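Undergrad: First the structure, then my questions, so here it is.
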Amino acid sequence: MNYSNLFRIAVRALFRNKMRAFLTMLGIIIGVASVIAMLAIGEGSKASIREEMSGMGTNMVMIMPNFQRRGGVSLGTSNSNVLKLSDVTALRNEAVTLTAVSPEIRASGQVIYSNENTQTTIYGVSEEYLPIKKLEVKAGRIFNSAEVRNMSKVCLLGQTVVENLFGKGADPVGLTIRIKNLPFLIIGTLEDKGESGMGQDQDDLIIAPYSTVQRRLAAIDYINGIYASAVSEEKSAAAIAEASEILRRTHKLKESAENDFRIMSQSELIERVSSITNIMTILLGAIAGISLLVGGIGIMNIMLVSVTERTREIGLRMSVGGRGRDILKQFLVESMLLSILGGLLGIIFGYLIAKLAGSLMDSEPLVKTQSVVLAFIVCFIIGVFFGWYPARKAANLNPIDALRYE
Amino acid sequence: MNNIVIETNNLRKDYHIGEVTVHALRGVDMKIHEGEFVAIMGASGSGKSTMLNILGCLDKPSVGSYCLDGVDVNTMNRDETARLRNRKLGFVFQSYNLLARTTALENVELPLFYNGKIKARERKERAVKALEDVGLADRMHHMPNQLSGGQQQRVAIARSLVNDPVLILADEPTGNLDTRTSFGIMELFQELNSKGRTIVYVTHEPDIARFATRNVIFRDGKIQKESQVADRYFATEMLKNLGPEIEEDFD
């Protein structure tokens with residue numbers, strides 16, 4: 001019996017029990033659809049998180065004080081002031097793997113213009129901060145070194161702050177606002193950055209010279225963090241090593257002492273987050289894969305029923321010359337048809353679910369060709385694997401017993 | 001004398017059901033020549049069905065030899081006997097065994113599907129011819145459930161003829177049919193036999209056995225009696241004697 005005939009027989013057999021065939025396929029459809037949709041959602045969120053994070057600069061290196069803990073108990077804020085401006089100077093002067101270094105001093109407070117006010121965070125930084133964090137000036141200019149030196153009361157506003165104080169799209173350059181009751185001249189605004197991967201508004205900020213913020217707003221002698229750029233993404237690890245060596249020296253740490261600061265690179269962070277989303281994708285895919293397995297068992301179940309139901313037909317086919325392998329092929333083709341048809345419908349269905357999920361979520365799901373091909377191959381294998389046992393059972397029937405089967 | 005189609009020697013068949021051994025056949029020697037029309041008779045349990053299964057290569061004897069058309073069947077494996085059934089044998093069953101929801105034509109085509117040498121066109125031509133031979137040229141595209149019992153059995157006979165077998169084996173072919181329809185089937189068999197077809201059938205009705213040229217009576221797994229039929233029935237006449245018929249039609 002050739003394959004086109006086998007195919008016709010299989011199609012007819014399935015059409016004879018349309019409802020049953022459909023319900024059997026439903027298992028596979030749901031399985032494949034969920035695999036496709038889950039992988040698409042996982043891949044989509046991975047891609048969007050990755051994109052967001054590289055938007056912050058892939059060669060960025062962050063240094064923060066290490067809040068030391070002993071036995072899970074925080075030893076207080078005494079450690080939070082270990083970073084000083086001198087560390088920035090040391091890094092700037094000595095580190096060859098860093099191209100730009102900026103301190104960061106954070107102060108939060110009320111910002112007032114006319115009768116509008118808003119609560120935001122003021123970042124005291126140097127002019128190198130912008131390229132490090134991939135921020136750009138939209139209107140106006142960044143402050144210069146003279147203004148840093150003089151602790152000038154100048155600032156640049158993020159778009160959320162502009163919106164809150166002046167209304168959307170306004171250009172407030174040249175106006176004066178009051179931050180914690182001190183007048184600040186607005187010398188520029190920052191480009192829109194949108195939400196971060198973690199859902200944080202990256203435009204709700206004001207930046208000002210670090211000297212101004214440290215002395216006039218925060219009134220502290222330490223800094224909250226250091227941001228720097230490695231010469232390249234590949235050099236991030238080297239930059240981390242070099243920077244920590246310099247800092248250990250300036251902090252006069254003993255050989256045995258732990259770092260009193262934390263240092264990490266953006267690329268490392270991306271890796272870490274990616275690996276989390278990867279695990280999530282695998283987990284989602286695995287759960288969906290289980291439903292695909294259940295679908296496969298459904299096929300096996302219905303094929304066994306079909307073999308039992310058609311025992312007399314099998315006996316007849318054998319009596320007119322059908323060999324075991326002809327019968328085997330007939331049932332295999334049928335189960336493969338079920339699973340492949342179910343797989344195709346599942347792929348379409350999964351794609352639609354992914355699209356639907358995309359319209360409900362921020363991240364656009366990514367239906368990868370690999371996952372479609374994989375789903376298809378898995379269906380093919382399921383068809384063969386779960387069809388094999390029933391088909392084998394049919395092929396091994398004794399013709400007389402099969403013919404006499406009631 | 002014509003060629004020998006069937007020759008068996010000391011055929012024995014034992015079934016083991018748990019601890020009990022059933023001797024279905026206890027040494028059967030049988031010879032059937034080409035062109036013969038043989039009825040196998042016997043009570044139930046006499047071994048006649050087992051004999052027919054062995055003749056049809058659906059079952060193997062425990063002991064003894066069986067040559068079909070000059071070929072020793074005993075040495076063959078499953079695939080080879082399947083091929084033998086496909087090329088040399090035609091089966092007719094008591095319950096017709098047609099594929100449901102499949103047209104008469106496709107039912108008749110079925111054996112040829114398992115013959116790789118036959119192309120689609122030839123397959124169809126031969127199936128049409130076989131259906132014409134059994135008088136169902138106008139019922140080719142009917143499904144089995146649209147046909148009467150007699151018509152279904154004719155489709156089954158057409159199916160047994162389509163591969164031009166050396167031997168047709170029928171297991172109680174009239175068992176499910178009324179007298180008139182039974183005579184109709186026997187008329188068809190006699191007609192086929194008159195054209196030289198070798199036919200062996202099993203029946204337990206003495207009347208039906210009288211349509212054959214030779215009767216073989218089984219008892220307790222052995223041939224009890226073998227005889228040429230002296231006063232043979234001819235179905236065409238018998239049908240005439242039954243008087244005007246009320247045509248059954250399931251259209």
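Identifiers in this document derive from the order of the structure tokens: chains are assigned A, B, ..., residues are numbered from 1 separately in each chain, and ligands are numbered from 1 in order of occurrence.
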Find the residues in chain B near chain A: any atom within 9 Å counts, using only C-alpha atoms. Write them as a PyMOL selection string.
TA: chain B and resi 53+56-59+78-87+89-91+97-99+101+110-116+159-160
Undergrad: Tell me, which residues of region 7-240 of chain B carry DSSP strand (DSSP E or B), written as number ranges by chain?
TA: B: 7-17, 20-33, 37-42, 63-68, 71-72, 89-92, 167-171, 199-202, 214-219, 222-228
Undergrad: Nearest residue to Glu191 (chain B) out of B:Thr236, B:Thr102, B:Gln153, B:Gln228, using only C-alpha atoms?
TA: B:Thr236
Undergrad: Considering only helix (DSSP H, G or I) as DSSP defines it on the backbone, what residues of region 167-218 of chain B qualify? List them as an MDAnalysis selection string.
TA: chainID B and resid 179:194 206:209
